[in-house]
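A quick write-up on the structure given underneath.
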Amino acid sequence: MSERRAFLKSLVAAAVPRNEEPAEPDPWLERYSRQLVLPQWSEAAQRALGEASVLVVGAGALGSPVATYLAGAGVGRLGIADDGDVELSNLHRQHLHFTPDVGVPKAHSAAAKLSFLNPDVVVEPYQARFNAAMLEGQDLVVDCTDSFAARYAINAACCAAGAPLVEAGVVGTSGLVMSIRPGATACYRCAFPQEPPAGAAPTCAQAGVLGPAAGVIGSLQALEALKLLAGLPGALADEFLQVDLAAGEFVHVKVRRRQDCPDCGSA
Ligand SMILES: [Zn+2]
């Protein structure tokens, strides 16, 4: 406790200029001061975050808030994988990309903004679809893709590699978020054993999506990622959060690990 008090005192000293002997504020303390003062955060959590490597798959509607908040929070290394280029129809919901970026690879457009936001973060753009080799050295994966095929492939690869994963999807004004710790909690395939047949579920191009809806779901994903990385309480486990933003409803849906799950089961 006294150690924490001394640390908080140094935070205040960094933030409040004194008349006599003006001290140079520590930019590290200043940058992260508003999360460092949180009772559930700590200097150790911040240092650990700075050592962490996270792969964000998809630099679109979900990837924009996820990568923004993770870079801002001080994740040490952030991989951004996306094989697409910025399109005009992306801009209403994908806030890492601006009008002059149309035609630019999304991974590079996103990486440029993230480096401006926090130059302490090593941002590695991959102009490619997800492949399992990208999991090498990653402490966490955040799936921000928009197809069921990609979602199942990423879940299977993360289960095989033992990499924690935060899944999400959004369409229209609703979505879901699920955190997965392979071997400890139900995986995406435990919750949804059958991939929907091609064309059965509407895409954003068919059904539309509101920008703020993607922003909320992506922010929840970033929050889950920070909980897992910093060991904060309250991460989703053996459940997914179903969000209906038109109605303002958040529902926790319990799921069970399946022993016969082809991705994470032990059978
Ligand atoms: Zn499973």
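To be explicit about the labels: the chains of the structure tokens are called A, B, and onward in the order shown, and within each one the residues are counted from 1, while ligands get numbers from 1 in the order they are shown.
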Give me, as a PDB file with C-alpha atoms, in the first residue's frame, all polymer residues having an atom no more than 12 Å from A:Glu124, counting only C-alpha atoms and skipping those fewer than 5 positions away in the same chain.
```
ATOM      1  CA  SER A  53       2.404  -8.638 -28.310  1.00  0.00           C
ATOM      2  CA  VAL A  54      -1.100  -8.559 -29.759  1.00  0.00           C
ATOM      3  CA  LEU A  55      -2.276  -9.509 -33.239  1.00  0.00           C
ATOM      4  CA  VAL A  56      -5.331  -7.656 -34.544  1.00  0.00           C
ATOM      5  CA  VAL A  57      -6.800  -9.495 -37.521  1.00  0.00           C
ATOM      6  CA  ALA A  67      -6.180  -1.113 -32.461  1.00  0.00           C
ATOM      7  CA  ALA A  71      -2.087   1.359 -29.024  1.00  0.00           C
ATOM      8  CA  GLY A  76       4.237  -3.138 -26.688  1.00  0.00           C
ATOM      9  CA  ARG A  77       3.855  -4.721 -30.118  1.00  0.00           C
ATOM     10  CA  LEU A  78       0.766  -4.556 -32.280  1.00  0.00           C
ATOM     11  CA  GLY A  79       0.459  -6.660 -35.442  1.00  0.00           C
ATOM     12  CA  ILE A  80      -2.211  -5.465 -37.893  1.00  0.00           C
ATOM     13  CA  ALA A  81      -3.236  -8.041 -40.509  1.00  0.00           C
ATOM     14  CA  ASP A  82      -5.539  -7.098 -43.389  1.00  0.00           C
ATOM     15  CA  ALA A 107      -2.854  -2.506 -42.783  1.00  0.00           C
ATOM     16  CA  HIS A 108      -0.526   0.360 -43.773  1.00  0.00           C
ATOM     17  CA  SER A 109      -3.185   3.078 -43.418  1.00  0.00           C
ATOM     18  CA  ALA A 110      -3.964   1.811 -39.901  1.00  0.00           C
ATOM     19  CA  ALA A 111      -0.297   1.440 -38.928  1.00  0.00           C
ATOM     20  CA  ALA A 112       0.445   5.050 -39.947  1.00  0.00           C
ATOM     21  CA  LEU A 114      -1.379   4.148 -34.757  1.00  0.00           C
ATOM     22  CA  SER A 115       2.265   5.238 -34.902  1.00  0.00           C
ATOM     23  CA  MET A 134       1.204 -15.005 -37.583  1.00  0.00           C
TER      24      MET A 134
END
```
Filtered DSSP result for stretch 13-140 of chain A, state strand (DSSP E), as a list in words: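 Those in stretch 13-140 of chain A that DSSP calls strand (DSSP E) are Ser53, Val54, Leu55, Val56, Val57, Arg77, Leu78, Gly79, Ile80, Ala81, Val122, Val123, Glu124, Pro125, Tyr126 and Leu140 of chain A.
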Just write the chosen residues, all heavy atoms, as a short mmCIF file (atom, residue, chain, number, x, y, z; two decimals), in the first residue's frame.
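Saved the output as selection.cif:
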```cif
data_model
loop_
_atom_site.label_atom_id
_atom_site.label_comp_id
_atom_site.auth_asym_id
_atom_site.auth_seq_id
_atom_site.Cartn_x
_atom_site.Cartn_y
_atom_site.Cartn_z
N SER A 53 2.60 -8.68 -26.86
CA SER A 53 2.40 -8.64 -28.31
C SER A 53 0.98 -9.07 -28.63
O SER A 53 0.53 -10.12 -28.16
CB SER A 53 3.37 -9.61 -29.01
OG SER A 53 4.70 -9.19 -28.81
N VAL A 54 0.29 -8.27 -29.42
CA VAL A 54 -1.10 -8.56 -29.76
C VAL A 54 -1.25 -8.51 -31.28
O VAL A 54 -0.73 -7.61 -31.93
CB VAL A 54 -2.06 -7.54 -29.10
CG1 VAL A 54 -3.49 -7.78 -29.53
CG2 VAL A 54 -1.94 -7.60 -27.57
N LEU A 55 -1.96 -9.50 -31.81
CA LEU A 55 -2.28 -9.51 -33.24
C LEU A 55 -3.73 -9.12 -33.43
O LEU A 55 -4.63 -9.75 -32.86
CB LEU A 55 -2.04 -10.91 -33.82
CG LEU A 55 -2.40 -11.07 -35.30
CD1 LEU A 55 -1.45 -10.26 -36.20
CD2 LEU A 55 -2.39 -12.54 -35.71
N VAL A 56 -3.97 -8.07 -34.19
CA VAL A 56 -5.33 -7.66 -34.54
C VAL A 56 -5.56 -8.10 -35.98
O VAL A 56 -4.84 -7.65 -36.89
CB VAL A 56 -5.51 -6.12 -34.39
CG1 VAL A 56 -6.91 -5.70 -34.83
CG2 VAL A 56 -5.24 -5.69 -32.95
N VAL A 57 -6.52 -9.00 -36.18
CA VAL A 57 -6.80 -9.50 -37.52
C VAL A 57 -7.99 -8.73 -38.08
O VAL A 57 -9.11 -8.84 -37.56
CB VAL A 57 -7.09 -11.01 -37.52
CG1 VAL A 57 -7.18 -11.51 -38.97
CG2 VAL A 57 -6.05 -11.78 -36.75
N ARG A 77 3.73 -4.39 -28.70
CA ARG A 77 3.86 -4.72 -30.12
C ARG A 77 2.47 -5.05 -30.65
O ARG A 77 1.75 -5.85 -30.05
CB ARG A 77 4.79 -5.93 -30.28
CG ARG A 77 5.37 -6.11 -31.66
CD ARG A 77 6.55 -7.09 -31.62
NE ARG A 77 6.13 -8.44 -31.27
CZ ARG A 77 5.83 -9.39 -32.16
NH1 ARG A 77 5.93 -9.16 -33.45
NH2 ARG A 77 5.45 -10.58 -31.76
N LEU A 78 2.10 -4.40 -31.73
CA LEU A 78 0.77 -4.56 -32.28
C LEU A 78 0.88 -4.97 -33.75
O LEU A 78 1.35 -4.19 -34.58
CB LEU A 78 0.03 -3.21 -32.15
CG LEU A 78 -1.48 -3.15 -32.11
CD1 LEU A 78 -2.08 -4.12 -31.11
CD2 LEU A 78 -1.94 -1.73 -31.82
N GLY A 79 0.50 -6.21 -34.06
CA GLY A 79 0.46 -6.66 -35.44
C GLY A 79 -0.91 -6.35 -36.02
O GLY A 79 -1.93 -6.58 -35.36
N ILE A 80 -0.94 -5.81 -37.23
CA ILE A 80 -2.21 -5.47 -37.89
C ILE A 80 -2.25 -6.23 -39.22
O ILE A 80 -1.47 -5.93 -40.13
CB ILE A 80 -2.32 -3.95 -38.19
CG1 ILE A 80 -2.06 -3.10 -36.92
CG2 ILE A 80 -3.66 -3.61 -38.83
CD1 ILE A 80 -3.14 -3.16 -35.89
N ALA A 81 -3.14 -7.23 -39.30
CA ALA A 81 -3.24 -8.04 -40.51
C ALA A 81 -4.51 -7.72 -41.27
O ALA A 81 -5.61 -7.78 -40.71
CB ALA A 81 -3.21 -9.53 -40.15
N VAL A 122 5.37 -0.64 -31.11
CA VAL A 122 5.92 -1.17 -32.36
C VAL A 122 4.74 -1.74 -33.16
O VAL A 122 4.13 -2.73 -32.76
CB VAL A 122 6.96 -2.28 -32.08
CG1 VAL A 122 7.47 -2.87 -33.40
CG2 VAL A 122 8.10 -1.73 -31.25
N VAL A 123 4.40 -1.07 -34.26
CA VAL A 123 3.27 -1.50 -35.07
C VAL A 123 3.80 -2.24 -36.30
O VAL A 123 4.66 -1.72 -37.01
CB VAL A 123 2.39 -0.31 -35.51
CG1 VAL A 123 1.17 -0.79 -36.28
CG2 VAL A 123 1.95 0.51 -34.30
N GLU A 124 3.30 -3.46 -36.50
CA GLU A 124 3.76 -4.28 -37.62
C GLU A 124 2.59 -4.57 -38.56
O GLU A 124 1.72 -5.37 -38.24
CB GLU A 124 4.36 -5.59 -37.09
CG GLU A 124 5.61 -5.34 -36.27
CD GLU A 124 6.14 -6.60 -35.60
OE1 GLU A 124 5.38 -7.57 -35.44
OE2 GLU A 124 7.33 -6.59 -35.24
N PRO A 125 2.53 -3.88 -39.71
CA PRO A 125 1.44 -4.14 -40.65
C PRO A 125 1.71 -5.38 -41.49
O PRO A 125 2.84 -5.57 -41.96
CB PRO A 125 1.42 -2.88 -41.53
CG PRO A 125 2.79 -2.29 -41.42
CD PRO A 125 3.41 -2.79 -40.15
N TYR A 126 0.71 -6.24 -41.64
CA TYR A 126 0.80 -7.40 -42.53
C TYR A 126 -0.28 -7.25 -43.58
O TYR A 126 -1.47 -7.36 -43.26
CB TYR A 126 0.58 -8.72 -41.77
CG TYR A 126 1.51 -8.94 -40.60
CD1 TYR A 126 1.04 -8.85 -39.30
CD2 TYR A 126 2.86 -9.24 -40.81
CE1 TYR A 126 1.89 -9.05 -38.22
CE2 TYR A 126 3.71 -9.44 -39.73
CZ TYR A 126 3.21 -9.35 -38.44
OH TYR A 126 4.05 -9.54 -37.37
N LEU A 140 -1.81 -12.53 -27.44
CA LEU A 140 -3.27 -12.43 -27.55
C LEU A 140 -3.62 -12.10 -29.01
O LEU A 140 -2.85 -11.41 -29.68
CB LEU A 140 -3.80 -11.30 -26.64
CG LEU A 140 -5.31 -11.09 -26.63
CD1 LEU A 140 -5.96 -11.99 -25.58
CD2 LEU A 140 -5.67 -9.64 -26.34
#
```
Closest pair table for chain A residues within 10 Å of ligand 1, only C-alpha atoms and all ligand atoms, as CSV:
```
residue,atom,partner,partner_atom_place_in_ligand_line,distance
A:Asn155,CA,ligand 1,1 (Zn),8.5
A:Ala156,CA,ligand 1,1 (Zn),8.4
A:Cys159,CA,ligand 1,1 (Zn),7.8
A:Ile180,CA,ligand 1,1 (Zn),9.1
A:Pro182,CA,ligand 1,1 (Zn),7.8
A:Gly183,CA,ligand 1,1 (Zn),8.4
A:Ala184,CA,ligand 1,1 (Zn),9.9
A:Thr185,CA,ligand 1,1 (Zn),8.1
A:Ala186,CA,ligand 1,1 (Zn),5.3
A:Cys187,CA,ligand 1,1 (Zn),4.0
A:Tyr188,CA,ligand 1,1 (Zn),6.2
A:Arg189,CA,ligand 1,1 (Zn),4.9
A:Cys190,CA,ligand 1,1 (Zn),3.9
A:Ala191,CA,ligand 1,1 (Zn),7.3
A:Phe192,CA,ligand 1,1 (Zn),8.9
A:Pro193,CA,ligand 1,1 (Zn),8.1
A:Arg256,CA,ligand 1,1 (Zn),8.7
A:Arg257,CA,ligand 1,1 (Zn),5.9
A:Arg258,CA,ligand 1,1 (Zn),5.9
A:Gln259,CA,ligand 1,1 (Zn),7.7
A:Asp260,CA,ligand 1,1 (Zn),7.9
A:Cys261,CA,ligand 1,1 (Zn),4.6
A:Pro262,CA,ligand 1,1 (Zn),6.7
A:Asp263,CA,ligand 1,1 (Zn),5.1
A:Cys264,CA,ligand 1,1 (Zn),4.1
A:Gly265,CA,ligand 1,1 (Zn),5.7
A:Ser266,CA,ligand 1,1 (Zn),9.3
```
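The residue that comes closest to A:Gln46, out of A:Val102, A:Leu226, A:Ala59, A:Leu236 and on the basis of only C-alpha atoms, is A:Leu226.
The nearest approach to A:Gln35 among the residues A:Val166, A:Val66, A:Ala235, A:Ala230, with only C-alpha atoms taken into account, belongs to A:Ala230.
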Between atom CA of A:Val170 and atom CA of A:Val209 - distance in Å to one decimal: 7.5 Å
